[in-house]
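Coordinates as given in coords.pdb (PDB, C-alpha atoms):
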ATOM      1  CA  MET A   1     -26.181   9.750  -9.539  1.00  0.00           C
ATOM      2  CA  LYS A   2     -29.002  10.118  -7.090  1.00  0.00           C
ATOM      3  CA  ARG A   3     -32.143   9.734  -9.132  1.00  0.00           C
ATOM      4  CA  GLN A   4     -34.207   7.313  -7.072  1.00  0.00           C
ATOM      5  CA  TRP A   5     -36.251  10.191  -5.678  1.00  0.00           C
ATOM      6  CA  LEU A   6     -37.533  11.085  -9.139  1.00  0.00           C
ATOM      7  CA  SER A   7     -39.055   7.632  -9.510  1.00  0.00           C
ATOM      8  CA  ALA A   8     -40.476   7.817  -6.005  1.00  0.00           C
ATOM      9  CA  VAL A   9     -42.019  11.226  -6.689  1.00  0.00           C
ATOM     10  CA  LEU A  10     -43.587  10.027  -9.946  1.00  0.00           C
ATOM     11  CA  ILE A  11     -45.036   6.882  -8.408  1.00  0.00           C
ATOM     12  CA  GLY A  12     -46.101   8.702  -5.247  1.00  0.00           C
ATOM     13  CA  ALA A  13     -47.891  11.371  -7.237  1.00  0.00           C
ATOM     14  CA  MET A  14     -49.819   8.770  -9.200  1.00  0.00           C
ATOM     15  CA  MET A  15     -50.791   6.934  -6.012  1.00  0.00           C
ATOM     16  CA  ALA A  16     -51.900  10.152  -4.360  1.00  0.00           C
ATOM     17  CA  THR A  17     -54.215  10.985  -7.226  1.00  0.00           C
ATOM     18  CA  SER A  18     -55.566   7.514  -7.907  1.00  0.00           C
ATOM     19  CA  VAL A  19     -55.927   5.782  -4.498  1.00  0.00           C
ATOM     20  CA  PRO A  20     -58.985   6.694  -2.388  1.00  0.00           C
ATOM     21  CA  ALA A  21     -58.353   7.824   1.192  1.00  0.00           C
ATOM     22  CA  PHE A  22     -59.977   4.765   2.722  1.00  0.00           C
ATOM     23  CA  ALA A  23     -57.551   2.474   0.868  1.00  0.00           C
ATOM     24  CA  ALA A  24     -54.967   3.016   3.584  1.00  0.00           C
ATOM     25  CA  GLU A  25     -57.281   1.561   6.245  1.00  0.00           C
ATOM     26  CA  ASN A  26     -56.798  -2.025   7.313  1.00  0.00           C
ATOM     27  CA  THR A  27     -59.970  -3.609   6.005  1.00  0.00           C
ATOM     28  CA  GLY A  28     -58.633  -7.119   5.921  1.00  0.00           C
ATOM     29  CA  GLU A  29     -59.089  -7.243   2.197  1.00  0.00           C
ATOM     30  CA  THR A  30     -56.300  -8.293  -0.145  1.00  0.00           C
ATOM     31  CA  THR A  31     -54.582  -5.391  -1.870  1.00  0.00           C
ATOM     32  CA  PRO A  32     -55.616  -5.498  -5.529  1.00  0.00           C
ATOM     33  CA  GLU A  33     -52.936  -6.259  -8.064  1.00  0.00           C
ATOM     34  CA  ALA A  34     -51.589  -3.469 -10.236  1.00  0.00           C
ATOM     35  CA  PRO A  35     -53.683  -3.015 -13.376  1.00  0.00           C
ATOM     36  CA  THR A  36     -52.456  -4.831 -16.432  1.00  0.00           C
ATOM     37  CA  LEU A  37     -51.119  -2.944 -19.413  1.00  0.00           C
ATOM     38  CA  PRO A  38     -53.834  -1.911 -21.880  1.00  0.00           C
ATOM     39  CA  PHE A  39     -51.497  -2.462 -24.809  1.00  0.00           C
ATOM     40  CA  THR A  40     -52.168  -5.377 -27.119  1.00  0.00           C
ATOM     41  CA  ASP A  41     -48.691  -5.097 -28.661  1.00  0.00           C
ATOM     42  CA  VAL A  42     -46.778  -5.662 -25.399  1.00  0.00           C
ATOM     43  CA  ALA A  43     -46.620  -9.219 -24.029  1.00  0.00           C
ATOM     44  CA  GLU A  44     -45.103 -10.452 -20.775  1.00  0.00           C
ATOM     45  CA  SER A  45     -42.651 -12.532 -22.794  1.00  0.00           C
ATOM     46  CA  ASP A  46     -41.228  -9.456 -24.563  1.00  0.00           C
ATOM     47  CA  TRP A  47     -37.810  -8.248 -23.412  1.00  0.00           C
ATOM     48  CA  PHE A  48     -39.235  -4.752 -23.059  1.00  0.00           C
ATOM     49  CA  TYR A  49     -42.255  -5.711 -20.935  1.00  0.00           C
ATOM     50  CA  ASP A  50     -40.839  -4.510 -17.597  1.00  0.00           C
ATOM     51  CA  PRO A  51     -39.517  -1.203 -19.002  1.00  0.00           C
ATOM     52  CA  VAL A  52     -42.878  -0.497 -20.632  1.00  0.00           C
ATOM     53  CA  VAL A  53     -44.693  -1.297 -17.385  1.00  0.00           C
ATOM     54  CA  TYR A  54     -42.337   1.072 -15.573  1.00  0.00           C
ATOM     55  CA  ALA A  55     -42.767   3.864 -18.121  1.00  0.00           C
ATOM     56  CA  TYR A  56     -46.544   3.460 -18.184  1.00  0.00           C
ATOM     57  CA  ASP A  57     -46.996   3.157 -14.407  1.00  0.00           C
ATOM     58  CA  THR A  58     -44.890   6.247 -13.708  1.00  0.00           C
ATOM     59  CA  GLY A  59     -46.669   8.168 -16.438  1.00  0.00           C
ATOM     60  CA  ILE A  60     -43.538   9.223 -18.307  1.00  0.00           C
ATOM     61  CA  MET A  61     -44.607   7.401 -21.467  1.00  0.00           C
ATOM     62  CA  THR A  62     -48.074   6.822 -22.830  1.00  0.00           C
ATOM     63  CA  GLY A  63     -49.325   4.702 -25.691  1.00  0.00           C
ATOM     64  CA  THR A  64     -49.640   5.885 -29.254  1.00  0.00           C
ATOM     65  CA  SER A  65     -53.299   4.941 -28.815  1.00  0.00           C
ATOM     66  CA  ALA A  66     -55.467   3.526 -26.041  1.00  0.00           C
ATOM     67  CA  THR A  67     -54.428  -0.029 -26.932  1.00  0.00           C
ATOM     68  CA  GLU A  68     -51.020   0.317 -28.586  1.00  0.00           C
ATOM     69  CA  PHE A  69     -47.622   1.248 -27.184  1.00  0.00           C
ATOM     70  CA  ALA A  70     -45.846   0.797 -30.533  1.00  0.00           C
ATOM     71  CA  PRO A  71     -42.647  -0.582 -28.971  1.00  0.00           C
ATOM     72  CA  ASN A  72     -40.821  -0.971 -32.276  1.00  0.00           C
ATOM     73  CA  VAL A  73     -41.721   2.451 -33.634  1.00  0.00           C
ATOM     74  CA  THR A  74     -38.814   4.866 -33.756  1.00  0.00           C
ATOM     75  CA  MET A  75     -38.854   7.543 -31.069  1.00  0.00           C
ATOM     76  CA  THR A  76     -39.047  11.060 -32.473  1.00  0.00           C
ATOM     77  CA  ARG A  77     -37.520  14.272 -31.174  1.00  0.00           C
ATOM     78  CA  ALA A  78     -40.964  15.542 -30.203  1.00  0.00           C
ATOM     79  CA  MET A  79     -41.673  12.326 -28.277  1.00  0.00           C
ATOM     80  CA  ILE A  80     -38.501  12.517 -26.178  1.00  0.00           C
ATOM     81  CA  ALA A  81     -39.119  16.209 -25.462  1.00  0.00           C
ATOM     82  CA  SER A  82     -42.607  15.265 -24.246  1.00  0.00           C
ATOM     83  CA  VAL A  83     -41.286  12.459 -22.035  1.00  0.00           C
ATOM     84  CA  LEU A  84     -38.823  14.737 -20.251  1.00  0.00           C
ATOM     85  CA  TYR A  85     -41.429  17.492 -20.002  1.00  0.00           C
ATOM     86  CA  ARG A  86     -43.794  15.074 -18.227  1.00  0.00           C
ATOM     87  CA  LEU A  87     -40.927  13.934 -16.029  1.00  0.00           C
ATOM     88  CA  GLU A  88     -40.589  17.545 -14.891  1.00  0.00           C
ATOM     89  CA  GLY A  89     -44.271  17.672 -13.992  1.00  0.00           C
ATOM     90  CA  SER A  90     -45.422  19.400 -17.199  1.00  0.00           C
ATOM     91  CA  PRO A  91     -44.613  22.930 -16.026  1.00  0.00           C
ATOM     92  CA  ALA A  92     -46.768  25.725 -17.411  1.00  0.00           C
ATOM     93  CA  MET A  93     -45.103  27.817 -20.093  1.00  0.00           C
ATOM     94  CA  SER A  94     -46.164  31.034 -21.773  1.00  0.00           C
ATOM     95  CA  GLU A  95     -48.622  29.969 -24.457  1.00  0.00           C
ATOM     96  CA  GLY A  96     -47.839  33.092 -26.425  1.00  0.00           C
ATOM     97  CA  ASN A  97     -44.382  31.716 -27.186  1.00  0.00           C
ATOM     98  CA  LEU A  98     -45.321  28.179 -28.171  1.00  0.00           C
ATOM     99  CA  GLY A  99     -43.518  27.084 -31.299  1.00  0.00           C
ATOM    100  CA  TYR A 100     -41.129  30.035 -31.193  1.00  0.00           C
ATOM    101  CA  PRO A 101     -38.648  30.310 -32.842  1.00  0.00           C
ATOM    102  CA  TYR A 102     -39.032  27.085 -34.826  1.00  0.00           C
ATOM    103  CA  GLU A 103     -40.832  27.348 -38.141  1.00  0.00           C
ATOM    104  CA  ASP A 104     -41.577  23.595 -38.086  1.00  0.00           C
ATOM    105  CA  VAL A 105     -43.311  23.645 -34.663  1.00  0.00           C
ATOM    106  CA  GLU A 106     -46.893  24.887 -34.842  1.00  0.00           C
ATOM    107  CA  GLY A 107     -48.121  26.613 -31.709  1.00  0.00           C
ATOM    108  CA  ASP A 108     -51.123  24.259 -31.411  1.00  0.00           C
ATOM    109  CA  ALA A 109     -49.140  21.037 -31.961  1.00  0.00           C
ATOM    110  CA  TRP A 110     -49.347  18.444 -29.160  1.00  0.00           C
ATOM    111  CA  TYR A 111     -45.613  18.774 -28.650  1.00  0.00           C
ATOM    112  CA  ALA A 112     -45.400  22.597 -28.778  1.00  0.00           C
ATOM    113  CA  MET A 113     -45.260  23.073 -24.999  1.00  0.00           C
ATOM    114  CA  PRO A 114     -42.687  20.298 -24.424  1.00  0.00           C
ATOM    115  CA  VAL A 115     -40.475  21.608 -27.236  1.00  0.00           C
ATOM    116  CA  TYR A 116     -40.658  25.118 -25.838  1.00  0.00           C
ATOM    117  CA  TRP A 117     -39.749  23.828 -22.364  1.00  0.00           C
ATOM    118  CA  ALA A 118     -36.881  21.743 -23.794  1.00  0.00           C
ATOM    119  CA  ARG A 119     -35.406  24.786 -25.528  1.00  0.00           C
ATOM    120  CA  GLU A 120     -35.861  27.082 -22.536  1.00  0.00           C
ATOM    121  CA  SER A 121     -34.282  24.562 -20.157  1.00  0.00           C
ATOM    122  CA  GLY A 122     -31.365  23.814 -22.456  1.00  0.00           C
ATOM    123  CA  VAL A 123     -32.214  20.108 -22.556  1.00  0.00           C
ATOM    124  CA  MET A 124     -32.756  20.115 -26.328  1.00  0.00           C
ATOM    125  CA  ALA A 125     -31.776  22.515 -29.063  1.00  0.00           C
ATOM    126  CA  GLY A 126     -32.940  22.793 -32.632  1.00  0.00           C
ATOM    127  CA  TYR A 127     -30.919  21.976 -35.703  1.00  0.00           C
ATOM    128  CA  SER A 128     -30.810  25.719 -36.279  1.00  0.00           C
ATOM    129  CA  ASP A 129     -32.416  28.865 -34.902  1.00  0.00           C
ATOM    130  CA  SER A 130     -35.548  28.144 -36.954  1.00  0.00           C
ATOM    131  CA  THR A 131     -35.672  24.336 -37.270  1.00  0.00           C
ATOM    132  CA  PHE A 132     -36.334  21.741 -34.571  1.00  0.00           C
ATOM    133  CA  GLY A 133     -37.237  18.620 -36.571  1.00  0.00           C
ATOM    134  CA  PRO A 134     -39.997  17.390 -34.225  1.00  0.00           C
ATOM    135  CA  ASN A 135     -40.893  14.373 -36.335  1.00  0.00           C
ATOM    136  CA  ASP A 136     -37.320  13.309 -37.059  1.00  0.00           C
ATOM    137  CA  PRO A 137     -36.282   9.974 -35.579  1.00  0.00           C
ATOM    138  CA  ILE A 138     -33.955  10.174 -32.604  1.00  0.00           C
ATOM    139  CA  THR A 139     -30.571   8.484 -32.927  1.00  0.00           C
ATOM    140  CA  ARG A 140     -28.767   6.755 -30.100  1.00  0.00           C
ATOM    141  CA  GLU A 141     -26.104   9.441 -29.927  1.00  0.00           C
ATOM    142  CA  GLN A 142     -28.746  12.198 -29.945  1.00  0.00           C
ATOM    143  CA  LEU A 143     -30.552  10.440 -27.105  1.00  0.00           C
ATOM    144  CA  ALA A 144     -27.298  10.249 -25.144  1.00  0.00           C
ATOM    145  CA  ALA A 145     -26.785  13.985 -25.608  1.00  0.00           C
ATOM    146  CA  ILE A 146     -30.328  14.822 -24.525  1.00  0.00           C
ATOM    147  CA  LEU A 147     -30.095  12.677 -21.392  1.00  0.00           C
ATOM    148  CA  MET A 148     -26.729  14.193 -20.480  1.00  0.00           C
ATOM    149  CA  ASN A 149     -28.208  17.666 -20.925  1.00  0.00           C
ATOM    150  CA  TYR A 150     -31.135  16.685 -18.720  1.00  0.00           C
ATOM    151  CA  ALA A 151     -28.831  15.214 -16.079  1.00  0.00           C
ATOM    152  CA  ALA A 152     -26.811  18.435 -16.042  1.00  0.00           C
ATOM    153  CA  TYR A 153     -30.041  20.459 -15.855  1.00  0.00           C
ATOM    154  CA  LYS A 154     -31.006  18.469 -12.742  1.00  0.00           C
ATOM    155  CA  GLY A 155     -27.594  19.072 -11.211  1.00  0.00           C
ATOM    156  CA  TYR A 156     -26.392  15.471 -11.403  1.00  0.00           C
ATOM    157  CA  ASP A 157     -22.750  14.527 -11.654  1.00  0.00           C
ATOM    158  CA  VAL A 158     -21.978  14.006 -15.348  1.00  0.00           C
ATOM    159  CA  SER A 159     -18.239  13.484 -15.017  1.00  0.00           C
ATOM    160  CA  ALA A 160     -18.196   9.707 -15.634  1.00  0.00           C
ATOM    161  CA  ARG A 161     -16.533   8.544 -18.848  1.00  0.00           C
ATOM    162  CA  ALA A 162     -16.108   5.079 -20.387  1.00  0.00           C
ATOM    163  CA  ASP A 163     -13.619   3.536 -22.767  1.00  0.00           C
ATOM    164  CA  LEU A 164     -15.219   2.953 -26.164  1.00  0.00           C
ATOM    165  CA  SER A 165     -12.133   1.594 -27.882  1.00  0.00           C
ATOM    166  CA  HIS A 166     -13.482  -1.975 -27.943  1.00  0.00           C
ATOM    167  CA  TYR A 167     -16.375  -0.935 -30.177  1.00  0.00           C
ATOM    168  CA  SER A 168     -15.435  -1.552 -33.800  1.00  0.00           C
ATOM    169  CA  ASP A 169     -17.742   1.244 -34.991  1.00  0.00           C
ATOM    170  CA  ALA A 170     -16.531   3.885 -32.520  1.00  0.00           C
ATOM    171  CA  ASP A 171     -15.114   5.881 -35.419  1.00  0.00           C
ATOM    172  CA  SER A 172     -18.677   6.385 -36.728  1.00  0.00           C
ATOM    173  CA  ILE A 173     -19.606   8.451 -33.688  1.00  0.00           C
ATOM    174  CA  SER A 174     -20.205  12.074 -34.661  1.00  0.00           C
ATOM    175  CA  SER A 175     -17.472  14.382 -33.412  1.00  0.00           C
ATOM    176  CA  TRP A 176     -19.944  16.342 -31.277  1.00  0.00           C
ATOM    177  CA  ALA A 177     -21.307  13.134 -29.705  1.00  0.00           C
ATOM    178  CA  ASN A 178     -18.124  11.410 -28.583  1.00  0.00           C
ATOM    179  CA  ASP A 179     -18.155  12.880 -25.079  1.00  0.00           C
ATOM    180  CA  VAL A 180     -21.862  12.268 -24.487  1.00  0.00           C
ATOM    181  CA  LEU A 181     -21.533   8.629 -25.506  1.00  0.00           C
ATOM    182  CA  LEU A 182     -18.559   8.231 -23.194  1.00  0.00           C
ATOM    183  CA  TRP A 183     -20.842   9.432 -20.400  1.00  0.00           C
ATOM    184  CA  ALA A 184     -23.923   7.396 -21.406  1.00  0.00           C
ATOM    185  CA  VAL A 185     -21.938   4.160 -21.640  1.00  0.00           C
ATOM    186  CA  ALA A 186     -20.152   4.862 -18.348  1.00  0.00           C
ATOM    187  CA  GLU A 187     -23.535   5.335 -16.662  1.00  0.00           C
ATOM    188  CA  GLY A 188     -24.847   2.093 -18.171  1.00  0.00           C
ATOM    189  CA  LEU A 189     -27.613   3.902 -20.031  1.00  0.00           C
ATOM    190  CA  LEU A 190     -26.459   2.835 -23.478  1.00  0.00           C
ATOM    191  CA  THR A 191     -24.862  -0.507 -24.092  1.00  0.00           C
ATOM    192  CA  GLY A 192     -23.592  -2.067 -27.263  1.00  0.00           C
ATOM    193  CA  VAL A 193     -26.135  -3.465 -29.679  1.00  0.00           C
ATOM    194  CA  THR A 194     -23.631  -6.319 -29.973  1.00  0.00           C
ATOM    195  CA  ASP A 195     -20.481  -7.078 -27.998  1.00  0.00           C
ATOM    196  CA  ASP A 196     -18.384  -4.859 -30.225  1.00  0.00           C
ATOM    197  CA  THR A 197     -20.768  -2.336 -31.821  1.00  0.00           C
ATOM    198  CA  ILE A 198     -22.358   0.754 -30.267  1.00  0.00           C
ATOM    199  CA  ALA A 199     -24.380   1.838 -33.358  1.00  0.00           C
ATOM    200  CA  PRO A 200     -24.403   5.576 -32.606  1.00  0.00           C
ATOM    201  CA  GLN A 201     -26.380   6.468 -35.743  1.00  0.00           C
ATOM    202  CA  ALA A 202     -29.048   3.797 -35.259  1.00  0.00           C
ATOM    203  CA  HIS A 203     -32.551   4.987 -34.458  1.00  0.00           C
ATOM    204  CA  ALA A 204     -33.865   4.385 -30.952  1.00  0.00           C
ATOM    205  CA  THR A 205     -37.237   2.647 -30.660  1.00  0.00           C
ATOM    206  CA  ARG A 206     -39.870   3.455 -28.071  1.00  0.00           C
ATOM    207  CA  ALA A 207     -39.134   0.177 -26.280  1.00  0.00           C
ATOM    208  CA  GLN A 208     -35.422   0.964 -26.164  1.00  0.00           C
ATOM    209  CA  VAL A 209     -36.117   4.438 -24.803  1.00  0.00           C
ATOM    210  CA  ALA A 210     -38.388   2.974 -22.110  1.00  0.00           C
ATOM    211  CA  ALA A 211     -35.554   0.663 -21.042  1.00  0.00           C
ATOM    212  CA  ILE A 212     -32.976   3.479 -21.049  1.00  0.00           C
ATOM    213  CA  LEU A 213     -35.256   5.730 -19.009  1.00  0.00           C
ATOM    214  CA  GLN A 214     -35.848   2.945 -16.503  1.00  0.00           C
ATOM    215  CA  ARG A 215     -32.092   2.592 -16.035  1.00  0.00           C
ATOM    216  CA  PHE A 216     -31.639   6.369 -15.869  1.00  0.00           C
ATOM    217  CA  LEU A 217     -34.282   6.865 -13.182  1.00  0.00           C
ATOM    218  CA  SER A 218     -33.546   3.751 -11.151  1.00  0.00           C
ATOM    219  CA  GLU A 219     -29.862   4.415 -10.466  1.00  0.00           C
TER     220      GLU A 219
END

So, in terms of structure tokens, how does the structure I just supplied come out?
Amino acid sequence: MKRQWLSAVLIGAMMATSVPAFAAENTGETTPEAPTLPFTDVAESDWFYDPVVYAYDTGIMTGTSATEFAPNVTMTRAMIASVLYRLEGSPAMSEGNLGYPYEDVEGDAWYAMPVYWARESGVMAGYSDSTFGPNDPITREQLAAILMNYAAYKGYDVSARADLSHYSDADSISSWANDVLLWAVAEGLLTGVTDDTIAPQAHATRAQVAAILQRFLSE
């Protein structure tokens, strides 16, 4: 899939809004290093350091506070909707419809606009016509489905399929999720949590999602 341009657009947009015009001139001065992460819970020795740097620098993920990224906190459905909404440039939606038709999404919630966009775009659906479950933890198979929906929404080729027969827990994959996991594994987005387990029902942490998004956007 051709997704490199998305990363370039995100990074380019940030540079365009944060670098003064005179910075492009040859002043003879050394280009300053990229700013360090503000998060006290992310160290350079952590396996997720580079993915978090990528997610933070491109603006697709923010911290849970000014100084915390919360890498081991489980990603929620509202969080992933917000990430993809930002990835799309946070398009304006009709504020009169925010929260509709979900009874568990208040119109003034921080995730109301992203959830509305996700439903309208077909990237995410609710559990039912009236329930979205914004604060529910996202599972690995749910994440695979959402990313496949997003890839299809962007017009990417989603025909790749992998062989999951070597995973001893493949029979625990939900019937609706089998095809999306075949795709996610084939694309290298999801890998086994061990050599022979895929853990489809396990919750995805914010650090794991940062790593998966880095792979998704860097292909």

Considering all atoms listed in the file, state which residue in the set A:Ala78, A:Ala92, A:Val52, A:Leu213 is at the smallest distance from Ala144 in chain A.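 Distance minimum relative to Ala144 in chain A lands on A:Leu213.
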
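Within the file as shown, the PyMOL selection byres ((chain A and resi 188-197) around 7) identifies A:His166, A:Tyr167, A:Ser168, A:Asp169, A:Ala184, A:Val185, A:Ala186, A:Glu187, A:Ile198, A:Ala199, A:Ile212, A:Arg215, A:Phe216.
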
Show me, as JSON, the centre and edge lengths in Å to one decimal of the axis-aligned box that covers every listed atom of range 127-132 of chain A with 5 Å on each side.
{"center_x": -33.6, "center_y": 25.3, "center_z": -35.9, "size_x": 15.5, "size_y": 17.1, "size_z": 12.7}

Nearest candidate to Ala204 in chain A (options A:Ala125, A:Leu143, A:Leu87, A:Ala55; using all atoms listed in the file):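 Distance minimum relative to Ala204 in chain A lands on A:Leu143.
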
What residues come out when you apply the PyMOL selection byres ((chain A and resi 75) around 8) to this file, written as a ChimeraX atom specification? /A:73-74,76-77,79-80,137-138,203-206,209

Straight-line distance linking CA of Ala207 in chain A with CA of Pro114 in chain A, stated in Å to one decimal: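 One can read the CA of Ala207 in chain A to CA of Pro114 in chain A distance as 20.5 Å.
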
Using Å and a single decimal, report how far CA of Met148 in chain A sits from CA of Arg161 in chain A. 11.8 Å

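When only C-alpha atoms are used to compute distances to Val158 in chain A, the closest of the residues A:Leu84, A:Ala145, A:Ala211, A:Ala177 turns out to be A:Ala145.
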
Quick one: residues within 12 Å of range 98-100 of chain A, all atoms listed in the file, excluding same-chain residues fewer than 6 positions away - as a VMD selection string? chain A and resid 78 92 106 to 120 126 129 to 134

Glu219 in chain A proximity check over A:Tyr156, A:Asp50, A:Thr64, A:Gln201, using all atoms listed in the file: winner is A:Tyr156
